[in-house]
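Data file: coords-v8.pdb. Format and content: PDB, C-alpha atoms, pLDDT in the B column.
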MODEL        1
ATOM      1  CA  ASP Q1374       0.000   0.000   0.000  1.00 44.00           C
ATOM      2  CA  ILE Q1375       2.157   2.862  -1.309  1.00 50.00           C
ATOM      3  CA  ALA Q1376      -0.241   5.659  -0.318  1.00 54.00           C
ATOM      4  CA  ASN Q1377      -0.366   4.726   3.376  1.00 55.00           C
ATOM      5  CA  ARG Q1378       3.080   3.054   3.582  1.00 56.00           C
ATOM      6  CA  ARG Q1379       1.684  -0.142   5.046  1.00 61.00           C
ATOM      7  CA  SER Q1380       2.668  -3.755   4.430  1.00 64.00           C
ATOM      8  CA  MET Q1381      -0.090  -5.918   2.993  1.00 61.00           C
ATOM      9  CA  ILE Q1382      -0.336  -9.711   2.994  1.00 67.00           C
ATOM     10  CA  THR Q1383      -2.467 -11.699   0.560  1.00 66.00           C
ATOM     11  CA  VAL Q1384      -4.524 -14.197   2.563  1.00 66.00           C
ATOM     12  CA  GLY Q1385      -6.257 -15.866  -0.355  1.00 67.00           C
ATOM     13  CA  ASN Q1386      -9.602 -16.485   1.337  1.00 66.00           C
ATOM     14  CA  VAL Q1387     -11.745 -14.097  -0.699  1.00 66.00           C
ATOM     15  CA  THR Q1388     -15.230 -15.488  -1.314  1.00 64.00           C
ATOM     16  CA  LYS Q1389     -16.676 -14.810  -4.754  1.00 66.00           C
ATOM     17  CA  SER Q1390     -20.247 -15.370  -5.886  1.00 65.00           C
ATOM     18  CA  ASP Q1391     -21.391 -16.102  -9.411  1.00 72.00           C
ATOM     19  CA  ILE Q1392     -22.277 -13.387 -11.904  1.00 76.00           C
ATOM     20  CA  ALA Q1393     -25.005 -11.109 -10.569  1.00 78.00           C
ATOM     21  CA  PRO Q1394     -28.486 -11.583 -12.056  1.00 86.00           C
ATOM     22  CA  LEU Q1395     -30.025  -9.066 -14.419  1.00 86.00           C
ATOM     23  CA  ALA Q1396     -31.864  -6.114 -12.936  1.00 88.00           C
ATOM     24  CA  SER Q1397     -35.464  -6.864 -11.978  1.00 89.00           C
ATOM     25  CA  PHE Q1398     -36.779  -4.006 -14.114  1.00 85.00           C
ATOM     26  CA  SER Q1399     -35.468  -1.626 -16.752  1.00 81.00           C
ATOM     27  CA  THR Q1400     -35.288   2.138 -16.550  1.00 82.00           C
ATOM     28  CA  VAL Q1401     -35.431   4.775 -19.256  1.00 76.00           C
ATOM     29  CA  ASP Q1402     -31.667   4.924 -19.716  1.00 78.00           C
ATOM     30  CA  GLU Q1403     -31.590   1.276 -20.808  1.00 74.00           C
ATOM     31  CA  HIS Q1404     -34.255   1.913 -23.451  1.00 73.00           C
ATOM     32  CA  ARG Q1405     -32.691   5.075 -24.828  1.00 75.00           C
ATOM     33  CA  PHE Q1406     -29.031   4.107 -24.457  1.00 75.00           C
ATOM     34  CA  PRO Q1407     -28.714   0.322 -24.950  1.00 71.00           C
ATOM     35  CA  GLY Q1408     -25.498  -1.650 -24.689  1.00 71.00           C
ATOM     36  CA  LYS Q1409     -22.196   0.188 -24.440  1.00 70.00           C
ATOM     37  CA  SER Q1410     -23.850   3.589 -24.754  1.00 71.00           C
ATOM     38  CA  ALA Q1411     -25.500   3.202 -21.324  1.00 74.00           C
ATOM     39  CA  PRO Q1412     -24.728   6.330 -19.265  1.00 75.00           C
ATOM     40  CA  PHE Q1413     -24.400   4.679 -15.842  1.00 77.00           C
ATOM     41  CA  LYS Q1414     -21.525   2.444 -14.815  1.00 76.00           C
ATOM     42  CA  GLU Q1415     -22.646  -1.169 -14.408  1.00 72.00           C
ATOM     43  CA  SER Q1416     -20.407  -1.780 -11.405  1.00 76.00           C
ATOM     44  CA  ALA Q1417     -21.640  -0.535  -8.049  1.00 79.00           C
ATOM     45  CA  HIS Q1418     -19.938   0.832  -4.972  1.00 78.00           C
ATOM     46  CA  GLY Q1419     -20.715   2.591  -1.733  1.00 80.00           C
ATOM     47  CA  GLY Q1420     -24.192   2.470  -0.286  1.00 86.00           C
ATOM     48  CA  SER Q1421     -25.157   0.645   2.887  1.00 92.00           C
ATOM     49  CA  CYS Q1422     -25.720  -2.913   4.090  1.00 90.00           C
ATOM     50  CA  CYS Q1423     -27.501  -4.922   5.433  1.00 93.00           C
ATOM     51  CA  VAL Q1424     -31.031  -5.823   6.530  1.00 97.00           C
ATOM     52  CA  SER Q1425     -32.318  -9.380   6.932  1.00 97.00           C
ATOM     53  CA  PHE Q1426     -35.449 -10.325   4.998  1.00 96.00           C
ATOM     54  CA  SER Q1427     -37.367 -13.395   6.140  1.00 95.00           C
ATOM     55  CA  VAL Q1428     -39.259 -15.698   3.792  1.00 93.00           C
ATOM     56  CA  ASP Q1429     -42.474 -13.905   4.795  1.00 93.00           C
ATOM     57  CA  ASP Q1430     -40.890 -10.518   4.025  1.00 94.00           C
ATOM     58  CA  ILE Q1431     -39.882 -11.666   0.548  1.00 93.00           C
ATOM     59  CA  ASN Q1432     -43.234 -13.332  -0.111  1.00 91.00           C
ATOM     60  CA  ILE Q1433     -44.955 -10.109   1.029  1.00 87.00           C
ATOM     61  CA  ASP Q1434     -46.834 -11.600   3.975  1.00 70.00           C
ATOM     62  CA  GLY Q1435     -48.147 -14.627   2.123  1.00 67.00           C
ATOM     63  CA  THR Q1436     -49.392 -12.891  -1.022  1.00 70.00           C
ATOM     64  CA  ARG Q1437     -46.763 -14.968  -2.854  1.00 74.00           C
ATOM     65  CA  ASN Q1438     -45.377 -18.430  -2.298  1.00 73.00           C
ATOM     66  CA  ASN Q1439     -42.385 -18.704  -4.640  1.00 77.00           C
ATOM     67  CA  HIS Q1440     -39.497 -17.857  -2.283  1.00 83.00           C
ATOM     68  CA  HIS Q1441     -38.338 -20.367   0.320  1.00 87.00           C
ATOM     69  CA  GLU Q1442     -35.099 -18.944   1.752  1.00 91.00           C
ATOM     70  CA  SER Q1443     -34.342 -15.819   3.758  1.00 95.00           C
ATOM     71  CA  LEU Q1444     -32.036 -13.216   2.194  1.00 96.00           C
ATOM     72  CA  ILE Q1445     -29.897 -10.259   3.187  1.00 97.00           C
ATOM     73  CA  VAL Q1446     -30.568  -6.966   1.404  1.00 97.00           C
ATOM     74  CA  GLY Q1447     -28.285  -4.001   0.830  1.00 96.00           C
ATOM     75  CA  ILE Q1448     -28.240  -0.807  -1.229  1.00 96.00           C
ATOM     76  CA  ALA Q1449     -25.516   0.209  -3.665  1.00 94.00           C
ATOM     77  CA  HIS Q1450     -25.101   3.186  -5.952  1.00 91.00           C
ATOM     78  CA  THR Q1451     -23.528   3.895  -9.278  1.00 89.00           C
ATOM     79  CA  LYS Q1452     -22.967   7.050 -11.270  1.00 85.00           C
ATOM     80  CA  VAL Q1453     -22.616   8.376 -14.776  1.00 81.00           C
ATOM     81  CA  SER Q1454     -19.419   7.442 -16.580  1.00 74.00           C
ATOM     82  CA  TRP Q1455     -17.417  10.607 -17.210  1.00 72.00           C
ATOM     83  CA  LYS Q1456     -17.617  11.765 -20.814  1.00 72.00           C
ATOM     84  CA  PRO Q1457     -14.653  13.977 -21.765  1.00 73.00           C
ATOM     85  CA  TRP Q1458     -16.591  15.463 -24.674  1.00 72.00           C
ATOM     86  CA  TYR Q1459     -19.269  16.896 -22.364  1.00 72.00           C
ATOM     87  CA  GLY Q1460     -17.258  20.034 -21.635  1.00 76.00           C
ATOM     88  CA  LYS Q1461     -16.329  20.656 -25.278  1.00 81.00           C
ATOM     89  CA  SER Q1462     -17.850  23.795 -26.761  1.00 83.00           C
ATOM     90  CA  HIS Q1463     -18.171  22.304 -30.250  1.00 85.00           C
ATOM     91  CA  ILE Q1464     -20.627  19.639 -29.023  1.00 81.00           C
ATOM     92  CA  PRO Q1465     -24.176  20.989 -29.467  1.00 83.00           C
ATOM     93  CA  GLN Q1466     -26.016  21.518 -26.181  1.00 80.00           C
ATOM     94  CA  LYS Q1467     -28.994  19.550 -27.503  1.00 79.00           C
ATOM     95  CA  GLU Q1468     -26.765  16.482 -27.738  1.00 77.00           C
ATOM     96  CA  LYS Q1469     -25.429  16.995 -24.219  1.00 76.00           C
ATOM     97  CA  ASP Q1470     -28.981  17.263 -22.886  1.00 75.00           C
ATOM     98  CA  LEU Q1471     -29.756  13.724 -24.041  1.00 78.00           C
ATOM     99  CA  VAL Q1472     -27.414  12.097 -21.515  1.00 78.00           C
ATOM    100  CA  PRO Q1473     -27.171  12.566 -17.739  1.00 77.00           C
ATOM    101  CA  HIS Q1474     -24.210  14.439 -16.323  1.00 75.00           C
ATOM    102  CA  THR Q1475     -22.407  13.281 -13.133  1.00 78.00           C
ATOM    103  CA  HIS Q1476     -25.564  11.959 -11.489  1.00 85.00           C
ATOM    104  CA  TYR Q1477     -26.012   9.134  -8.980  1.00 86.00           C
ATOM    105  CA  VAL Q1478     -28.609   6.352  -8.967  1.00 90.00           C
ATOM    106  CA  SER Q1479     -29.085   3.487  -6.502  1.00 93.00           C
ATOM    107  CA  PHE Q1480     -30.393  -0.068  -6.502  1.00 94.00           C
ATOM    108  CA  PHE Q1481     -31.215  -2.816  -4.009  1.00 96.00           C
ATOM    109  CA  TYR Q1482     -29.467  -6.175  -4.076  1.00 95.00           C
ATOM    110  CA  ALA Q1483     -30.282  -9.393  -2.198  1.00 95.00           C
ATOM    111  CA  PHE Q1484     -27.912 -12.242  -1.406  1.00 94.00           C
ATOM    112  CA  ASP Q1485     -27.718 -15.511   0.520  1.00 94.00           C
ATOM    113  CA  PRO Q1486     -26.810 -15.209   4.213  1.00 94.00           C
ATOM    114  CA  GLN Q1487     -24.145 -17.929   3.960  1.00 90.00           C
ATOM    115  CA  PRO Q1488     -21.029 -18.460   1.777  1.00 86.00           C
ATOM    116  CA  PRO Q1489     -20.518 -17.952  -1.091  1.00 85.00           C
ATOM    117  CA  PHE Q1490     -23.144 -15.208  -0.516  1.00 89.00           C
ATOM    118  CA  GLN Q1491     -24.646 -15.636  -3.957  1.00 91.00           C
ATOM    119  CA  ILE Q1492     -26.493 -12.564  -5.227  1.00 92.00           C
ATOM    120  CA  ARG Q1493     -30.076 -13.647  -5.884  1.00 93.00           C
ATOM    121  CA  ALA Q1494     -31.640 -10.430  -7.129  1.00 94.00           C
ATOM    122  CA  ARG Q1495     -30.990  -6.786  -7.841  1.00 93.00           C
ATOM    123  CA  SER Q1496     -33.475  -4.079  -8.626  1.00 94.00           C
ATOM    124  CA  GLY Q1497     -33.417  -1.551 -11.403  1.00 90.00           C
ATOM    125  CA  TYR Q1498     -32.158   1.962 -10.752  1.00 90.00           C
ATOM    126  CA  PHE Q1499     -33.968   4.476  -8.572  1.00 92.00           C
ATOM    127  CA  CYS Q1500     -33.203   7.746  -6.837  1.00 90.00           C
ATOM    128  CA  LEU Q1501     -34.130   9.051  -3.411  1.00 90.00           C
ATOM    129  CA  GLY Q1502     -35.657  12.447  -3.816  1.00 83.00           C
ATOM    130  CA  HIS Q1503     -35.578  15.901  -2.359  1.00 81.00           C
ATOM    131  CA  ALA Q1504     -37.177  16.987   0.877  1.00 78.00           C
ATOM    132  CA  PRO Q1505     -40.662  18.336   0.058  1.00 73.00           C
ATOM    133  CA  GLU Q1506     -41.165  22.055  -0.055  1.00 72.00           C
ATOM    134  CA  THR Q1507     -43.278  23.793   2.560  1.00 68.00           C
ATOM    135  CA  ILE Q1508     -46.740  25.188   1.901  1.00 69.00           C
ATOM    136  CA  ASP Q1509     -47.424  28.320   3.960  1.00 68.00           C
ATOM    137  CA  ASP Q1510     -44.360  27.407   6.041  1.00 67.00           C
ATOM    138  CA  THR Q1511     -45.939  24.030   6.861  1.00 70.00           C
ATOM    139  CA  LEU Q1512     -44.521  20.607   5.992  1.00 68.00           C
ATOM    140  CA  PRO Q1513     -46.765  17.898   4.496  1.00 68.00           C
ATOM    141  CA  PRO Q1514     -48.311  15.566   7.134  1.00 69.00           C
ATOM    142  CA  THR Q1515     -46.061  12.711   5.985  1.00 72.00           C
ATOM    143  CA  GLU Q1516     -42.970  14.666   7.058  1.00 72.00           C
ATOM    144  CA  GLY Q1517     -41.522  14.769  10.552  1.00 70.00           C
ATOM    145  CA  GLY Q1518     -38.987  17.042  12.167  1.00 71.00           C
ATOM    146  CA  VAL Q1519     -38.175  20.599  11.154  1.00 71.00           C
ATOM    147  CA  PHE Q1520     -37.815  21.912   7.623  1.00 72.00           C
ATOM    148  CA  ASN Q1521     -34.206  22.476   6.598  1.00 73.00           C
ATOM    149  CA  PRO Q1522     -33.975  25.806   4.728  1.00 72.00           C
ATOM    150  CA  HIS Q1523     -30.837  24.597   2.962  1.00 72.00           C
ATOM    151  CA  SER Q1524     -32.893  21.954   1.127  1.00 77.00           C
ATOM    152  CA  ALA Q1525     -33.516  24.482  -1.627  1.00 72.00           C
ATOM    153  CA  LEU Q1526     -29.810  24.279  -2.489  1.00 75.00           C
ATOM    154  CA  THR Q1527     -30.179  20.624  -3.545  1.00 79.00           C
ATOM    155  CA  ARG Q1528     -32.675  21.271  -6.327  1.00 78.00           C
ATOM    156  CA  ASN Q1529     -30.241  22.535  -8.933  1.00 79.00           C
ATOM    157  CA  ARG Q1530     -29.093  20.189 -11.708  1.00 80.00           C
ATOM    158  CA  PRO Q1531     -31.824  17.538 -11.543  1.00 82.00           C
ATOM    159  CA  LEU Q1532     -31.419  14.301 -13.485  1.00 81.00           C
ATOM    160  CA  LEU Q1533     -32.014  14.930 -17.192  1.00 77.00           C
ATOM    161  CA  GLN Q1534     -32.223  12.078 -19.689  1.00 79.00           C
ATOM    162  CA  TYR Q1535     -33.312  12.322 -23.292  1.00 78.00           C
ATOM    163  CA  ASN Q1536     -34.907  15.736 -22.696  1.00 77.00           C
ATOM    164  CA  VAL Q1537     -36.941  14.400 -19.772  1.00 81.00           C
ATOM    165  CA  THR Q1538     -36.318  15.932 -16.319  1.00 83.00           C
ATOM    166  CA  PHE Q1539     -36.665  13.631 -13.301  1.00 84.00           C
ATOM    167  CA  ASP Q1540     -37.229  14.697  -9.699  1.00 85.00           C
ATOM    168  CA  CYS Q1541     -33.832  13.347  -8.665  1.00 87.00           C
ATOM    169  CA  PRO Q1542     -30.995  15.274  -7.025  1.00 88.00           C
ATOM    170  CA  GLN Q1543     -27.640  15.310  -8.738  1.00 86.00           C
ATOM    171  CA  MET Q1544     -26.230  13.259  -5.872  1.00 85.00           C
ATOM    172  CA  HIS Q1545     -27.894  11.124  -3.234  1.00 89.00           C
ATOM    173  CA  TYR Q1546     -25.516   9.068  -1.130  1.00 90.00           C
ATOM    174  CA  ILE Q1547     -27.026   6.383   1.102  1.00 94.00           C
ATOM    175  CA  SER Q1548     -25.065   5.816   4.302  1.00 93.00           C
ATOM    176  CA  THR Q1549     -27.663   4.120   6.527  1.00 95.00           C
ATOM    177  CA  PHE Q1550     -29.946   1.149   5.940  1.00 97.00           C
ATOM    178  CA  ILE Q1551     -31.387  -0.523   9.036  1.00 97.00           C
ATOM    179  CA  GLU Q1552     -34.480  -2.320  10.236  1.00 97.00           C
ATOM    180  CA  LYS Q1553     -36.820   0.074  11.996  1.00 97.00           C
ATOM    181  CA  ALA Q1554     -36.674  -0.225  15.785  1.00 96.00           C
ATOM    182  CA  GLY Q1555     -39.811  -1.884  17.098  1.00 95.00           C
ATOM    183  CA  ASP Q1556     -41.147  -2.702  13.618  1.00 97.00           C
ATOM    184  CA  PRO Q1557     -39.504  -5.633  11.778  1.00 95.00           C
ATOM    185  CA  THR Q1558     -41.715  -5.034   8.721  1.00 96.00           C
ATOM    186  CA  SER Q1559     -40.095  -1.694   7.874  1.00 97.00           C
ATOM    187  CA  THR Q1560     -36.683  -0.137   7.250  1.00 97.00           C
ATOM    188  CA  VAL Q1561     -35.073   3.267   7.646  1.00 97.00           C
ATOM    189  CA  ILE Q1562     -32.797   4.707   4.949  1.00 96.00           C
ATOM    190  CA  GLY Q1563     -30.532   7.652   5.648  1.00 95.00           C
ATOM    191  CA  TYR Q1564     -28.920   9.604   2.838  1.00 93.00           C
ATOM    192  CA  GLY Q1565     -27.332  12.898   1.950  1.00 89.00           C
ATOM    193  CA  LEU Q1566     -28.310  15.179  -0.929  1.00 89.00           C
ATOM    194  CA  ASN Q1567     -25.576  16.885  -2.955  1.00 86.00           C
ATOM    195  CA  ASP Q1568     -23.234  16.669   0.049  1.00 84.00           C
ATOM    196  CA  CYS Q1569     -25.389  19.399   1.549  1.00 84.00           C
ATOM    197  CA  THR Q1570     -28.355  18.154   3.622  1.00 86.00           C
ATOM    198  CA  PRO Q1571     -29.277  14.850   5.340  1.00 86.00           C
ATOM    199  CA  ARG Q1572     -32.586  13.027   5.121  1.00 88.00           C
ATOM    200  CA  LEU Q1573     -34.247   9.933   6.631  1.00 90.00           C
ATOM    201  CA  VAL Q1574     -37.053   7.988   4.955  1.00 91.00           C
ATOM    202  CA  GLU Q1575     -39.015   4.939   6.065  1.00 94.00           C
ATOM    203  CA  VAL Q1576     -39.572   2.199   3.481  1.00 95.00           C
ATOM    204  CA  GLU Q1577     -41.617  -0.940   4.153  1.00 96.00           C
ATOM    205  CA  LYS Q1578     -39.911  -4.254   3.452  1.00 96.00           C
ATOM    206  CA  LYS Q1579     -42.764  -5.304   1.173  1.00 94.00           C
ATOM    207  CA  GLU Q1580     -42.040  -2.331  -1.114  1.00 95.00           C
ATOM    208  CA  ILE Q1581     -38.372  -3.329  -1.331  1.00 96.00           C
ATOM    209  CA  SER Q1582     -39.411  -6.928  -2.071  1.00 95.00           C
ATOM    210  CA  ARG Q1583     -41.608  -5.674  -4.903  1.00 93.00           C
ATOM    211  CA  LEU Q1584     -38.629  -3.882  -6.421  1.00 94.00           C
ATOM    212  CA  LEU Q1585     -36.384  -6.939  -6.115  1.00 94.00           C
ATOM    213  CA  PHE Q1586     -38.983  -9.498  -7.191  1.00 92.00           C
ATOM    214  CA  PRO Q1587     -41.679  -7.634  -9.154  1.00 88.00           C
ATOM    215  CA  ASP Q1588     -44.841  -9.397 -10.193  1.00 79.00           C
ATOM    216  CA  PRO Q1589     -44.973  -9.261 -14.028  1.00 72.00           C
ATOM    217  CA  MET Q1590     -48.681  -8.459 -13.780  1.00 70.00           C
ATOM    218  CA  ASP Q1591     -47.830  -5.293 -11.866  1.00 67.00           C
ATOM    219  CA  MET Q1592     -45.279  -4.012 -14.344  1.00 62.00           C
ATOM    220  CA  VAL Q1593     -46.165  -0.931 -16.371  1.00 61.00           C
ATOM    221  CA  LEU Q1594     -45.017  -0.872 -19.984  1.00 56.00           C
ATOM    222  CA  GLU Q1595     -44.732   2.527 -21.608  1.00 53.00           C
ATOM    223  CA  ILE Q1596     -43.663   3.697 -25.040  1.00 48.00           C
ATOM    224  CA  LEU Q1597     -41.319   6.629 -24.520  1.00 44.00           C
TER     225      LEU Q1597
ENDMDL
END
Turn the structure described in the file into structure tokens.
Amino acid sequence: DIANRRSMITVGNVTKSDIAPLASFSTVDEHRFPGKSAPFKESAHGGSCCVSFSVDDINIDGTRNNHHESLIVGIAHTKVSWKPWYGKSHIPQKEKDLVPHTHYVSFFYAFDPQPPFQIRARSGYFCLGHAPETIDDTLPPTEGGVFNPHSALTRNRPLLQYNVTFDCPQMHYISTFIEKAGDPTSTVIGYGLNDCTPRLVEVEKKEISRLLFPDPMDMVLEIL
């Protein structure tokens, strides 16, 4: 380790799983930018882990019966691959507006709780959004705590893909993912927006299970 001037020893006991499965659903970037032109890096990093999901959690309290093993779920993120031509003045702005620019997206992944920790599912991409704006200085009833006035600073440079603007911050970095205290059916996700403000959201395990293992009958197909 040259940077930290430490000696490192190769142990040789790294556990590797098989190739990760395909994402459980596709997002607009995969339709508009197939193959090697995809804007987001396929490899993931960062994020937070882990929360245990029982068989009942995965089968959404008995509404399904096709999963028979418990899993461990984590969240990872990826970002747009840097494009050196993006800052070039001779590239028309209308072409630049078709692809996202230095944005983050996240996805859930689920794996076996024992070696070799095989990845069993991963969701498609999603973002965690901004804090809602106040109406007459009052937060929506779904919000707790006190409004952070700096939240307005996170709304610049939203995610733009193929001339469509999404309600996603440029950066959302998830650093916390835990089971909610006193409620094993729900989770709490903590994340930062644009390295500026923090936010906590509660997400039920059944909603995460739907993202990891969507019912084909619930999928919405759209022509974009």
Name the residues in contact with range 1554-1558 of chain Q at a cut-off of 10 Å, using only C-alpha atoms, excluding same-chain residues fewer than 5 positions from it; report them as a list in words.
->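 Within the cut-off, the hits are Val1424, Ser1425, Phe1426, Ser1427, Asp1429, Asp1430, Ile1433, Asp1434, Val1576, Glu1577, Lys1578 and Lys1579 of chain Q.
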So what does the PyMOL selection byres ((chain Q and resi 1566-1570) around 8) actually pick up in this one, as a ChimeraX atom specification?
-> /Q:1503,1521,1523-1524,1526-1527,1542-1546,1564-1565,1571-1572
For the file shown, report as an MDAnalysis selection string the outcome of the PyMOL selection byres ((chain Q and resi 1520) around 9) at residue level.
-> chainID Q and resid 1504:1507 1510:1512 1516:1519 1521:1524
Distance criterion (all atoms listed in the file): nearest to Ser1548 in chain Q out of Q:Glu1415, Q:Ile1562, Q:Ala1393, Q:Gln1491 = Q:Ile1562
Taking the file above as input, evaluate the PyMOL selection byres ((chain Q and resi 1475) around 7) and report the hits as a JSON list (two decimals) with C-alpha atoms, keeping the file's coordinate frame.
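Result file is result19.json:
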[["chain", "number", "residue", "atom", "x", "y", "z"],
["Q", 1452, "LYS", "CA", -22.97, 7.05, -11.27],
["Q", 1453, "VAL", "CA", -22.62, 8.38, -14.78],
["Q", 1455, "TRP", "CA", -17.42, 10.61, -17.21],
["Q", 1473, "PRO", "CA", -27.17, 12.57, -17.74],
["Q", 1474, "HIS", "CA", -24.21, 14.44, -16.32],
["Q", 1476, "HIS", "CA", -25.56, 11.96, -11.49],
["Q", 1477, "TYR", "CA", -26.01, 9.13, -8.98]]
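The two atoms in question, CA of Trp1458 in chain Q and CA of His1418 in chain Q, are spaced 24.8 Å apart.
Here CA of Pro1486 in chain Q stands at a distance of 26.5 Å from CA of Lys1414 in chain Q.
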Using only C-alpha atoms, which residues sit within 10 Å of range 1480-1483 of chain Q once same-chain residues fewer than 6 positions away are excluded, as a JSON list (two decimals) with C-alpha atoms, in the coordinates of the input?
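See part13.json below for the written result:
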[["chain", "number", "residue", "atom", "x", "y", "z"],
["Q", 1393, "ALA", "CA", -25.00, -11.11, -10.57],
["Q", 1394, "PRO", "CA", -28.49, -11.58, -12.06],
["Q", 1396, "ALA", "CA", -31.86, -6.11, -12.94],
["Q", 1397, "SER", "CA", -35.46, -6.86, -11.98],
["Q", 1417, "ALA", "CA", -21.64, -0.54, -8.05],
["Q", 1420, "GLY", "CA", -24.19, 2.47, -0.29],
["Q", 1421, "SER", "CA", -25.16, 0.64, 2.89],
["Q", 1422, "CYS", "CA", -25.72, -2.91, 4.09],
["Q", 1423, "CYS", "CA", -27.50, -4.92, 5.43],
["Q", 1424, "VAL", "CA", -31.03, -5.82, 6.53],
["Q", 1425, "SER", "CA", -32.32, -9.38, 6.93],
["Q", 1426, "PHE", "CA", -35.45, -10.32, 5.00],
["Q", 1443, "SER", "CA", -34.34, -15.82, 3.76],
["Q", 1444, "LEU", "CA", -32.04, -13.22, 2.19],
["Q", 1445, "ILE", "CA", -29.90, -10.26, 3.19],
["Q", 1446, "VAL", "CA", -30.57, -6.97, 1.40],
["Q", 1447, "GLY", "CA", -28.28, -4.00, 0.83],
["Q", 1448, "ILE", "CA", -28.24, -0.81, -1.23],
["Q", 1449, "ALA", "CA", -25.52, 0.21, -3.66],
["Q", 1450, "HIS", "CA", -25.10, 3.19, -5.95],
["Q", 1451, "THR", "CA", -23.53, 3.90, -9.28],
["Q", 1490, "PHE", "CA", -23.14, -15.21, -0.52],
["Q", 1491, "GLN", "CA", -24.65, -15.64, -3.96],
["Q", 1492, "ILE", "CA", -26.49, -12.56, -5.23],
["Q", 1493, "ARG", "CA", -30.08, -13.65, -5.88],
["Q", 1494, "ALA", "CA", -31.64, -10.43, -7.13],
["Q", 1495, "ARG", "CA", -30.99, -6.79, -7.84],
["Q", 1496, "SER", "CA", -33.48, -4.08, -8.63],
["Q", 1497, "GLY", "CA", -33.42, -1.55, -11.40],
["Q", 1498, "TYR", "CA", -32.16, 1.96, -10.75],
["Q", 1499, "PHE", "CA", -33.97, 4.48, -8.57],
["Q", 1500, "CYS", "CA", -33.20, 7.75, -6.84],
["Q", 1581, "ILE", "CA", -38.37, -3.33, -1.33],
["Q", 1582, "SER", "CA", -39.41, -6.93, -2.07],
["Q", 1584, "LEU", "CA", -38.63, -3.88, -6.42],
["Q", 1585, "LEU", "CA", -36.38, -6.94, -6.12]]
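Across the model, the gap from CA of Gly1419 in chain Q to CA of Ser1479 in chain Q is 9.7 Å.
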Excluding Phe1406 in chain Q and its own-chain neighbours fewer than 4 positions away, which residues fall within 10 Å of it when counting only C-alpha atoms? Please give them as a PDB file with C-alpha atoms, in the frame of the given file.
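Contents of result_1.pdb, freshly written:
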ATOM      1  CA  VAL Q1401     -35.431   4.775 -19.256  1.00 76.00           C
ATOM      2  CA  ASP Q1402     -31.667   4.924 -19.716  1.00 78.00           C
ATOM      3  CA  SER Q1410     -23.850   3.589 -24.754  1.00 71.00           C
ATOM      4  CA  ALA Q1411     -25.500   3.202 -21.324  1.00 74.00           C
ATOM      5  CA  PRO Q1412     -24.728   6.330 -19.265  1.00 75.00           C
ATOM      6  CA  PHE Q1413     -24.400   4.679 -15.842  1.00 77.00           C
ATOM      7  CA  LEU Q1471     -29.756  13.724 -24.041  1.00 78.00           C
ATOM      8  CA  VAL Q1472     -27.414  12.097 -21.515  1.00 78.00           C
ATOM      9  CA  GLN Q1534     -32.223  12.078 -19.689  1.00 79.00           C
ATOM     10  CA  TYR Q1535     -33.312  12.322 -23.292  1.00 78.00           C
TER      11      TYR Q1535
END
Taking all atoms of range 1449-1460 of chain Q that appear in the file, build a box with edges along x, y and z, extend it by 6 Å on every side, and state its centre and edge lengths in Å to one decimal, as JSON.
{"center_x": -20.1, "center_y": 10.1, "center_z": -14.2, "size_x": 22.9, "size_y": 31.8, "size_z": 33.0}
For Asn1536 in chain Q, work out the shell of residues within 10 Å, counting only C-alpha atoms and skipping chain neighbours fewer than 3 positions away, then give it as a PyMOL selection string.
-> chain Q and resi 1467-1473+1532-1533+1539
Between Q:Pro1407, Q:Phe1398, Q:Phe1586, Q:Gly1502, which has the minimum distance to Ile1547 in chain Q (counting only C-alpha atoms)?
-> Q:Gly1502
